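So this one's input_30.pdb, PDB, C-alpha atoms:
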```pdb
ATOM      1  CA  MET A   1       9.060  19.994   1.047
ATOM      2  CA  LEU A   2       6.184  21.675  -0.706
ATOM      3  CA  ASP A   3       4.292  24.261   1.342
ATOM      4  CA  VAL A   4       0.856  25.092  -0.057
ATOM      5  CA  ARG A   5      -1.714  27.639   1.151
ATOM      6  CA  ASN A   6      -5.016  28.621  -0.377
ATOM      7  CA  ALA A   7      -5.880  32.211  -1.321
ATOM      8  CA  CYS A   8      -7.332  32.998   2.116
ATOM      9  CA  ASN A   9      -4.491  31.356   4.039
ATOM     10  CA  LYS A  10      -7.000  29.107   5.761
ATOM     11  CA  ILE A  11      -5.583  25.797   4.590
ATOM     12  CA  LYS A  12      -1.945  24.846   4.834
ATOM     13  CA  PHE A  13      -0.368  21.495   4.154
ATOM     14  CA  ASN A  14       3.132  20.185   3.663
ATOM     15  CA  LEU A  15       4.127  17.386   1.325
ATOM     16  CA  LYS A  16       7.175  15.475   2.506
ATOM     17  CA  ASP A  17       9.213  12.517   1.389
ATOM     18  CA  SER A  18       8.508  10.426   4.473
ATOM     19  CA  TYR A  19      11.093   7.814   3.469
ATOM     20  CA  ALA A  20      13.854  10.453   3.783
ATOM     21  CA  LEU A  21      12.733  11.001   7.380
ATOM     22  CA  MET A  22      11.778   7.422   8.247
ATOM     23  CA  PRO A  23      13.746   5.044   5.981
ATOM     24  CA  ILE A  24      11.577   2.014   6.702
ATOM     25  CA  GLY A  25       9.345   0.136   4.271
ATOM     26  CA  LEU A  26       5.655   0.784   4.881
ATOM     27  CA  TYR A  27       5.046  -2.937   5.402
ATOM     28  CA  LYS A  28       7.356  -2.780   8.455
ATOM     29  CA  PHE A  29       5.525   0.135  10.111
ATOM     30  CA  PRO A  30       3.059  -1.879  12.233
ATOM     31  CA  GLU A  31       5.832  -3.912  13.877
ATOM     32  CA  PHE A  32       8.391  -1.092  14.102
ATOM     33  CA  PHE A  33       5.965   1.456  15.550
ATOM     34  CA  LYS A  34       4.197  -1.187  17.655
ATOM     35  CA  PHE A  35       0.672  -0.553  16.377
ATOM     36  CA  ASN A  36      -1.868  -1.993  18.810
ATOM     37  CA  ASP A  37      -4.663  -2.004  16.237
ATOM     38  CA  LYS A  38      -4.358  -5.192  14.141
ATOM     39  CA  ASN A  39      -6.605  -3.595  11.483
ATOM     40  CA  ILE A  40      -3.889  -1.097  10.614
ATOM     41  CA  ARG A  41      -1.523  -3.071   8.407
ATOM     42  CA  LYS A  42       0.107  -2.820   5.011
ATOM     43  CA  GLU A  43      -2.311  -4.549   2.658
ATOM     44  CA  VAL A  44      -1.499  -6.660  -0.385
ATOM     45  CA  ILE A  45      -2.429  -5.933  -3.978
ATOM     46  CA  PRO A  46      -1.613  -7.552  -7.333
ATOM     47  CA  TYR A  47       0.153  -4.535  -8.863
ATOM     48  CA  LYS A  48       0.188  -5.917 -12.409
ATOM     49  CA  LEU A  49      -3.597  -5.560 -12.542
ATOM     50  CA  TYR A  50      -3.066  -1.817 -12.509
ATOM     51  CA  ASN A  51      -0.281  -1.757 -15.094
ATOM     52  CA  ASN A  52      -1.609  -1.070 -18.606
ATOM     53  CA  LYS A  53       1.024  -3.291 -20.239
ATOM     54  CA  GLU A  54      -0.230  -6.373 -18.415
ATOM     55  CA  TYR A  55      -3.992  -5.951 -18.935
ATOM     56  CA  THR A  56      -4.215  -8.168 -21.979
ATOM     57  CA  GLU A  57      -2.986 -11.180 -19.980
ATOM     58  CA  VAL A  58      -5.914 -11.089 -17.553
ATOM     59  CA  ASP A  59      -9.446 -12.396 -18.007
ATOM     60  CA  TYR A  60     -11.671  -9.402 -17.262
ATOM     61  CA  TYR A  61     -15.371  -9.397 -16.697
ATOM     62  CA  GLU A  62     -16.158  -5.753 -17.508
ATOM     63  CA  ILE A  63     -14.150  -3.210 -19.457
ATOM     64  CA  THR A  64     -15.138   0.415 -20.045
ATOM     65  CA  TYR A  65     -13.224   3.229 -21.692
ATOM     66  CA  VAL A  66     -12.554   6.849 -20.807
ATOM     67  CA  ASN A  67     -11.066   9.570 -22.980
ATOM     68  CA  TYR A  68      -7.978  11.287 -21.658
ATOM     69  CA  ASN A  69      -6.118  13.820 -23.825
ATOM     70  CA  LYS A  70      -7.845  12.389 -26.889
ATOM     71  CA  ILE A  71      -6.633   8.886 -26.028
ATOM     72  CA  LYS A  72      -9.081   6.077 -25.315
ATOM     73  CA  ILE A  73      -7.958   4.417 -22.061
ATOM     74  CA  PRO A  74      -9.392   1.091 -20.891
ATOM     75  CA  ILE A  75     -10.749   0.915 -17.343
ATOM     76  CA  TYR A  76     -10.915  -2.652 -16.107
ATOM     77  CA  LYS A  77     -13.513  -2.661 -13.385
ATOM     78  CA  TYR A  78     -13.972  -6.331 -12.519
ATOM     79  CA  CYS A  79     -11.390  -9.096 -12.593
ATOM     80  CA  LYS A  80     -11.535 -12.836 -11.960
ATOM     81  CA  ILE A  81     -10.388 -13.511  -8.398
ATOM     82  CA  ASP A  82      -8.359 -16.566  -9.450
ATOM     83  CA  GLU A  83      -6.530 -14.541 -12.119
ATOM     84  CA  ALA A  84      -5.655 -11.871  -9.570
ATOM     85  CA  LYS A  85      -4.435 -14.504  -7.098
ATOM     86  CA  LYS A  86      -2.127 -16.023  -9.742
ATOM     87  CA  ILE A  87      -0.639 -12.615 -10.505
ATOM     88  CA  LEU A  88      -0.271 -11.820  -6.795
ATOM     89  CA  GLU A  89       1.431 -15.152  -6.101
ATOM     90  CA  GLU A  90       3.931 -14.549  -8.919
ATOM     91  CA  GLU A  91       4.696 -11.030  -7.629
ATOM     92  CA  LEU A  92       5.053 -12.163  -4.013
ATOM     93  CA  LEU A  93       7.359 -15.060  -4.852
ATOM     94  CA  LYS A  94       9.575 -12.656  -6.774
ATOM     95  CA  LYS A  95       9.474 -10.099  -3.933
ATOM     96  CA  TYR A  96      10.206 -12.584  -1.144
ATOM     97  CA  SER A  97      12.910 -14.386  -3.110
ATOM     98  CA  GLY A  98      15.162 -11.301  -3.223
ATOM     99  CA  ASN A  99      18.482 -11.484  -1.354
ATOM    100  CA  GLU A 100      17.445  -9.133   1.458
ATOM    101  CA  SER A 101      14.128 -10.927   1.925
ATOM    102  CA  ILE A 102      15.750 -14.374   2.020
ATOM    103  CA  ILE A 103      18.138 -13.252   4.764
ATOM    104  CA  LEU A 104      15.367 -11.601   6.790
ATOM    105  CA  ASN A 105      13.062 -14.594   6.356
ATOM    106  CA  LYS A 106      15.779 -16.976   7.553
ATOM    107  CA  LEU A 107      16.460 -14.797  10.581
ATOM    108  CA  ASN A 108      12.743 -14.694  11.401
ATOM    109  CA  GLY A 109      12.281 -18.394  10.650
ATOM    110  CA  THR A 110       9.678 -17.548   8.006
ATOM    111  CA  ASP A 111       9.192 -19.851   5.035
ATOM    112  CA  ILE A 112       8.696 -17.958   1.760
ATOM    113  CA  GLU A 113       5.831 -20.199   0.627
ATOM    114  CA  ASP A 114       4.049 -19.717   3.962
ATOM    115  CA  LYS A 115       4.390 -15.933   3.684
ATOM    116  CA  VAL A 116       3.025 -15.963   0.126
ATOM    117  CA  LYS A 117       0.121 -18.193   1.176
ATOM    118  CA  LYS A 118      -0.685 -15.899   4.110
ATOM    119  CA  ASP A 119      -0.644 -12.778   1.895
ATOM    120  CA  ILE A 120      -2.944 -14.413  -0.664
ATOM    121  CA  GLU A 121      -5.326 -15.320   2.182
ATOM    122  CA  ILE A 122      -5.269 -11.671   3.290
ATOM    123  CA  PHE A 123      -6.100 -10.612  -0.286
ATOM    124  CA  GLU A 124      -9.070 -13.030  -0.433
ATOM    125  CA  GLU A 125     -10.190 -11.939   3.032
ATOM    126  CA  ASN A 126     -10.053  -8.266   1.990
ATOM    127  CA  ILE A 127     -12.282  -8.924  -1.019
ATOM    128  CA  LYS A 128     -14.887 -10.475   1.300
ATOM    129  CA  ILE A 129     -14.593  -7.987   4.192
ATOM    130  CA  TRP A 130     -14.623  -4.995   1.856
ATOM    131  CA  LYS A 131     -17.642  -6.533   0.031
ATOM    132  CA  LEU A 132     -16.046  -6.417  -3.411
ATOM    133  CA  GLU A 133     -17.194  -9.805  -4.706
ATOM    134  CA  LYS A 134     -19.209  -9.703  -7.920
ATOM    135  CA  ASP A 135     -20.851 -12.273 -10.185
ATOM    136  CA  ASN A 136     -18.817 -14.903 -12.044
ATOM    137  CA  ASP A 137     -16.121 -15.164  -9.309
ATOM    138  CA  CYS A 138     -14.973 -11.594  -9.974
ATOM    139  CA  PHE A 139     -14.157  -8.664  -7.725
ATOM    140  CA  ASP A 140     -14.254  -4.906  -8.205
ATOM    141  CA  GLN A 141     -10.566  -4.237  -8.654
ATOM    142  CA  MET A 142     -10.946  -0.452  -8.892
ATOM    143  CA  ALA A 143     -12.747  -0.326  -5.543
ATOM    144  CA  TYR A 144     -10.040  -2.622  -4.139
ATOM    145  CA  ALA A 145      -7.345  -0.182  -5.308
ATOM    146  CA  ARG A 146      -9.146   2.770  -3.702
ATOM    147  CA  ILE A 147      -9.430   0.993  -0.347
ATOM    148  CA  TYR A 148      -5.837  -0.259  -0.623
ATOM    149  CA  CYS A 149      -4.566   3.315  -1.118
ATOM    150  CA  LYS A 150      -6.668   4.570   1.792
ATOM    151  CA  LYS A 151      -5.208   1.843   4.027
ATOM    152  CA  ASP A 152      -1.672   2.813   2.946
ATOM    153  CA  VAL A 153      -2.374   6.399   3.982
ATOM    154  CA  GLU A 154      -3.691   5.194   7.368
ATOM    155  CA  VAL A 155      -0.520   3.146   7.968
ATOM    156  CA  MET A 156       1.699   6.056   6.888
ATOM    157  CA  ALA A 157      -0.169   8.587   9.052
ATOM    158  CA  LYS A 158      -0.137   6.377  12.142
ATOM    159  CA  GLY A 159       3.582   5.673  11.711
ATOM    160  CA  TYR A 160       4.405   9.317  11.035
ATOM    161  CA  TYR A 161       2.541  10.608  14.074
ATOM    162  CA  THR A 162       3.940   7.867  16.306
ATOM    163  CA  PHE A 163       7.463   8.817  15.182
ATOM    164  CA  ARG A 164       6.646  12.480  15.743
ATOM    165  CA  ASP A 165       5.329  11.772  19.250
ATOM    166  CA  TRP A 166       8.464   9.777  20.131
ATOM    167  CA  ASN A 167      10.719  12.605  18.979
ATOM    168  CA  LEU A 168       8.732  15.238  20.853
ATOM    169  CA  LYS A 169       8.709  13.138  24.022
ATOM    170  CA  TYR A 170      12.322  11.949  24.082
ATOM    171  CA  PHE A 171      14.248  14.630  22.167
ATOM    172  CA  LYS A 172      11.956  17.678  22.293
ATOM    173  CA  GLU A 173      12.260  17.880  18.494
ATOM    174  CA  ASP A 174       9.352  18.187  16.068
ATOM    175  CA  ILE A 175       9.918  16.140  12.906
ATOM    176  CA  ASP A 176       7.650  18.561  11.068
ATOM    177  CA  ASP A 177      10.606  20.966  11.181
ATOM    178  CA  TYR A 178      12.945  18.518   9.395
ATOM    179  CA  LEU A 179      13.128  17.003   5.923
ATOM    180  CA  THR A 180      15.494  14.089   6.493
ATOM    181  CA  ILE A 181      16.637  11.782   9.277
ATOM    182  CA  SER A 182      20.152  13.239   8.838
ATOM    183  CA  SER A 183      18.959  16.804   9.470
ATOM    184  CA  LEU A 184      17.074  15.605  12.556
ATOM    185  CA  ALA A 185      20.240  13.906  13.864
ATOM    186  CA  ASN A 186      22.255  17.150  13.586
TER
END
```

Final structure tokens representation of the file:
Amino acid sequence: MLDVRNACNKIKFNLKDSYALMPIGLYKFPEFFKFNDKNIRKEVIPYKLYNNKEYTEVDYYEITYVNYNKIKIPIYKYCKIDEAKKILEEELLKKYSGNESIILNKLNGTDIEDKVKKDIEIFEENIKIWKLEKDNDCFDQMAYARIYCKKDVEVMAKGYYTFRDWNLKYFKEDIDDYLTISSLAN
């Protein structure tokens, strides 16, 4: 844990490895912690769009450059929606075809293709709801990434505080005092 305070001791925050305390994938939080708000969910994103090595494979609408440590770095602002959907579909098929996922999907009666289709629909829906559509069937992928990260933080915070409330209520233990699930169990 990292404990940080400013010079006047007015601000204090702790950085924790939440997975060491709650070893559950973020995408499982809404179901595990029984979130009532359907708007708080783990979103989907085509990760390869944000990986420098993959940029050349995508048809981009607008590219700008920034200088960082004397290196010219491309910033790809807009991307074709169809290109992003292809990349997302490829990533999701790979993700859901893993051994653990196949077993879980069979237990839940979920078809892999249906899950991929649903996630791509969520991606398209997000672009519309978040008003990220641009000309030429493109979307603002940088704005999408910002909102995606914000949503991840919302899911993490809600799960963390739900877990904290459960522990305070049932065990009279504050998870803020522990770093791992093992130390909490002792």

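Proximity ranking of A:Leu184, A:Cys79, A:Ile71, A:Ile45 relative to Ala145 of chain A places A:Ile45 first, based on only C-alpha atoms.
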
Segment 142-148 of chain A, all listed atoms, 6 Å padding on each side: what axis-aligned box centre and edge lengths in Å to one decimal come out, as AutoDock Vina command-line options?
```
--center_x -9.3 --center_y 0.1 --center_z -4.6 --size_x 18.9 --size_y 17.4 --size_z 20.5
```

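Here the PyMOL selection byres ((chain A and resi 149-164) around 8) captures the residues Ser18, Leu26, Phe29, Pro30, Phe33, Ile40, Arg41, Lys42, Glu43, Ala145, Arg146, Ile147, Tyr148, Asp165, Trp166, Asn167, Leu168, Asp174, Ile175 and Asp176 of chain A.
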
Since we have the selection now, will you write its residues out, keeping C-alpha atoms, as a JSON list (two decimals), in the coordinates of the input?
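Writing done, so here's part-v2.json:
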```json
[["chain", "number", "residue", "atom", "x", "y", "z"],
["A", 18, "SER", "CA", 8.51, 10.43, 4.47],
["A", 26, "LEU", "CA", 5.66, 0.78, 4.88],
["A", 29, "PHE", "CA", 5.52, 0.14, 10.11],
["A", 30, "PRO", "CA", 3.06, -1.88, 12.23],
["A", 33, "PHE", "CA", 5.96, 1.46, 15.55],
["A", 40, "ILE", "CA", -3.89, -1.10, 10.61],
["A", 41, "ARG", "CA", -1.52, -3.07, 8.41],
["A", 42, "LYS", "CA", 0.11, -2.82, 5.01],
["A", 43, "GLU", "CA", -2.31, -4.55, 2.66],
["A", 145, "ALA", "CA", -7.34, -0.18, -5.31],
["A", 146, "ARG", "CA", -9.15, 2.77, -3.70],
["A", 147, "ILE", "CA", -9.43, 0.99, -0.35],
["A", 148, "TYR", "CA", -5.84, -0.26, -0.62],
["A", 165, "ASP", "CA", 5.33, 11.77, 19.25],
["A", 166, "TRP", "CA", 8.46, 9.78, 20.13],
["A", 167, "ASN", "CA", 10.72, 12.60, 18.98],
["A", 168, "LEU", "CA", 8.73, 15.24, 20.85],
["A", 174, "ASP", "CA", 9.35, 18.19, 16.07],
["A", 175, "ILE", "CA", 9.92, 16.14, 12.91],
["A", 176, "ASP", "CA", 7.65, 18.56, 11.07]]
```

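The coordinates place atom CA of Pro46 of chain A at 17.4 Å from atom CA of Ile129 of chain A.
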
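Interatomic distance, atom CA of Glu91 of chain A against atom CA of Asp17 of chain A: 25.6 Å.
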
Written as a ChimeraX atom specification, which residues does the PyMOL selection byres ((chain A and resi 16) around 10) give for the file shown? /A:1-3,13-15,17-21,176,178-180

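Of the residues listed (A:Leu49, A:Val66, A:Ile81, A:Met22), A:Ile81 shows the shortest atom-to-atom separation from Asp135 of chain A; distances use all atoms listed in the file.
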
Write out as a ChimeraX atom specification which residues come within 8 Å of Tyr144 of chain A when counting all atoms listed in the file, dropping same-chain ones fewer than 3 positions away. /A:127,130,132,140-141,147-148

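In this model, the gap between atom CA of Leu88 of chain A and atom CA of Lys48 of chain A comes to 8.2 Å.
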
Taking (-4.5, -14.1, -5.9) as a centre in this file's frame and 12 Å as the limit, can you find every polymer residue with an atom that close, using all atoms listed in the file, and give them as JSON, numbers by chain? {"A": [44, 45, 46, 47, 48, 49, 79, 80, 81, 82, 83, 84, 85, 86, 87, 88, 89, 90, 91, 92, 93, 116, 117, 118, 119, 120, 121, 122, 123, 124, 125, 126, 127, 138, 139, 141]}

Residue with smallest distance to Lys77 of chain A - pool A:Ala143, A:Ile11, A:Asp111, A:Asn51, counting all atoms listed in the file: A:Ala143
